[in-house]
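Below is one structure, written out as structure tokens; the observations come after it.
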Amino acid sequence: MSKVIRIGTRDSELALWQAKTVQKALEKTGHQTELVPVKSTGDLNLDQPLYEMGITGIFTKTLDVAMIKGEVDIAVHSMKDVPTALPKGIVEGAVMKRASNKDILVHKGVEILESETGTIATGSLRRKAQWLHKYSNHKVVDLRGNVNTRMQKLHDNTWNGAIFAAAGLERIEIKPENFIDLNWMIPAPAQGAMLIVAMEEDSYCREALSLLNHKESQICVHIEREFLKTLEGGCTAPIGALARKVNNHIHFHGALFSLDGKKKIEVERALPVDEIKNMGKECAQEILNNGGSDLMKTIKSILNN
């Protein structure tokens, strides 16, 4: 059996770039495809911080519904936006080869890094907490919208800089010259990775997607997401995680921060590739045992008020 695979995607420039990348890869393997762009709730409501919307998967929900209703066959997501538990009936089809996992600062002058005061913009609690952990006297303001909108807002405001995922700016070729790699900032779990999901009973699409899966990227992001899931972070708590394959070992670095950035509980571990079962879970457990459990309760009580 052969069919046209309908690819569901958000309609932002970055999301469309990701969907077209998947489209090209599928067509290279001999499959016919069609792009079906939809608008998500997360894109429409730009005034309210993400964590106040009370929902994980705000950027994936619209596509989930379209898949379950049979309007699209597969959906392409930035994997860091995807909840750790997929909706019933929807399964992981492939993890594409991961791009850069780095956060970068797009700035209006590097003196901000030496200054006692300054204002940085980000819509991410993780980035905010880590910035305040390092620069406790700075002010961090909320920044929402797709990457183009956020770049424009930075230009229009008096902020000293804004934090972006390097991969997003690189993919649509709008990474400016005035940026600094934030090598000290632990990325979001699965940052830089693209996930393609399909319906569980759709063996045709699942088989097609299996050809696009990048095993090393899949192994690393699964460890990071297992870490996130065990900490029960959803996409609201300030949690960073990065797993990397170095020779035949997986190196993992994860951390949980307080909302104001004053408290940081971290874990680092390296294991041979054949011993990584439950690695993310065990690293998260170590954080929970070292005060993370109480910290998570505090974060949830603040965010739920």
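Numbering starts fresh at 1 for the residues of each chain in the structure tokens, the chains themselves are lettered A, B, ... in the order given, and ligands are numbered from 1 as they appear.
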Contacts of A:Ala167 at 12 Å (only C-alpha atoms; same-chain gap of 3+ positions) as a PyMOL selection string: chain A and resi 14+17-18+78+80+98-104+147+164+170-175+181+187+190-194
Enumerate, in order of chain and increasing residue number, the residues of stretch 200-291 of chain A with an atom no farther than 10 Å from stretch 86-97 of chain A, each with its shortest atom pair and distance in Å to one decimal, counting only C-alpha atoms, as a tab-separated table.
```
residue	atom	partner	partner_atom	distance
A:Glu200	CA	A:Gly89	CA	5.3
A:Glu201	CA	A:Gly89	CA	7.6
A:Asp202	CA	A:Ile90	CA	9.6
A:Cys205	CA	A:Gly93	CA	8.0
A:Arg206	CA	A:Gly93	CA	5.5
A:Glu207	CA	A:Gly93	CA	8.2
A:Ala208	CA	A:Gly93	CA	8.6
A:Leu209	CA	A:Gly93	CA	5.4
A:Ser210	CA	A:Ala94	CA	5.9
A:Leu211	CA	A:Ala94	CA	8.1
A:Leu212	CA	A:Ala94	CA	6.2
A:Asn213	CA	A:Ala94	CA	4.5
A:His214	CA	A:Lys97	CA	5.1
A:Lys215	CA	A:Val95	CA	7.8
A:Glu216	CA	A:Lys97	CA	8.0
A:Ser217	CA	A:Lys97	CA	5.8
A:Gln218	CA	A:Val95	CA	5.6
A:Ile219	CA	A:Val95	CA	9.4
A:Val221	CA	A:Val95	CA	8.7
A:His222	CA	A:Val95	CA	9.8
```
Secondary structure check, helix (DSSP H, G or I) residues of stretch 24-156 of chain A, as a ChimeraX atom specification: /A:24-28,41-44,50-53,61-68,79-81,110-113,125-134,147-156
Among listed residues A:Gly123, A:Pro176, A:Gly118, A:Pro83, nearest A:Leu228 (using only C-alpha atoms):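 The closest residue to A:Leu228 is A:Pro83.
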Neighbouring residues of A:Ala75 were defined as those with any atom within 7 Å, considering only C-alpha atoms; residues of the same chain fewer than 4 positions away were excluded. Please report them as a ChimeraX atom specification. /A:7-9,63,196-198
DSSP strand (DSSP E or B) residues within stretch 182-258 of chain A, listed as a VMD selection string: chain A and resid 194 to 199 239 to 246 249 to 257
Restricting the calculation to only C-alpha atoms, which member of A:Lys128, A:Leu256, A:Lys108, A:Glu114 is positioned closest to A:Asp156?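 Closest candidate: A:Lys108.
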Choose the residue, out of A:Leu195, A:Ile186, A:Val267, A:Val141, that has the smallest atom-to-atom separation from A:Thr84; count only C-alpha atoms. A:Leu195
Would you kindly return, as a list in words, each protein, DNA or RNA residue with an atom no farther than 7 Å from any atom of stretch 295-305 of chain A, considering only C-alpha atoms and excluding same-chain residues fewer than 6 positions away? Ala237, Ser258 and Leu259 of chain A
The selected residues should be written to file as a short mmCIF file (atom, residue, chain, number, x, y, z; two decimals), in the first residue's frame (atoms: C-alpha atoms).
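As a result, out-v3.cif now contains:
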```cif
data_model
loop_
_atom_site.label_atom_id
_atom_site.label_comp_id
_atom_site.auth_asym_id
_atom_site.auth_seq_id
_atom_site.Cartn_x
_atom_site.Cartn_y
_atom_site.Cartn_z
CA ALA A 237 10.11 23.94 36.08
CA SER A 258 14.83 27.49 42.03
CA LEU A 259 12.69 30.05 40.17
#
```
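Each of A:Lys69, A:His77, A:Arg10, A:His253 was compared to A:Met279 using only C-alpha atoms, and A:His253 turns out to be the nearest.
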Spatial neighbours of A:Arg126, 6 Å, only C-alpha atoms, chain gap at least 3 places, as a short mmCIF file (atom, residue, chain, number, x, y, z; two decimals) with N, CA, C and O atoms, in the first residue's frame:
```
data_model
loop_
_atom_site.label_atom_id
_atom_site.label_comp_id
_atom_site.auth_asym_id
_atom_site.auth_seq_id
_atom_site.Cartn_x
_atom_site.Cartn_y
_atom_site.Cartn_z
N ALA A 129 16.20 31.26 35.28
CA ALA A 129 16.82 30.81 36.53
C ALA A 129 18.33 30.71 36.39
O ALA A 129 19.08 31.12 37.30
N PRO A 238 12.34 24.98 36.10
CA PRO A 238 13.66 25.29 35.53
C PRO A 238 14.59 24.08 35.58
O PRO A 238 15.34 23.88 36.53
N ILE A 239 14.49 23.25 34.56
CA ILE A 239 15.26 22.00 34.49
C ILE A 239 16.12 22.00 33.23
O ILE A 239 15.61 22.25 32.14
#
```
Pick the closest to A:Arg127 from A:Phe257, A:Lys245, A:Ile250, A:Gly291: which is it, counting only C-alpha atoms? A:Phe257
For a test of reading the model, state the distance in Å between atom CA of A:Asn289 and atom CA of A:Lys264, rounded to one decimal.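 These atoms are spaced 13.5 Å apart.
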When distances are computed from only C-alpha atoms, which of A:Glu266, A:Pro37, A:Thr117, A:Leu242 shows the smallest separation from A:Asn183? A:Leu242
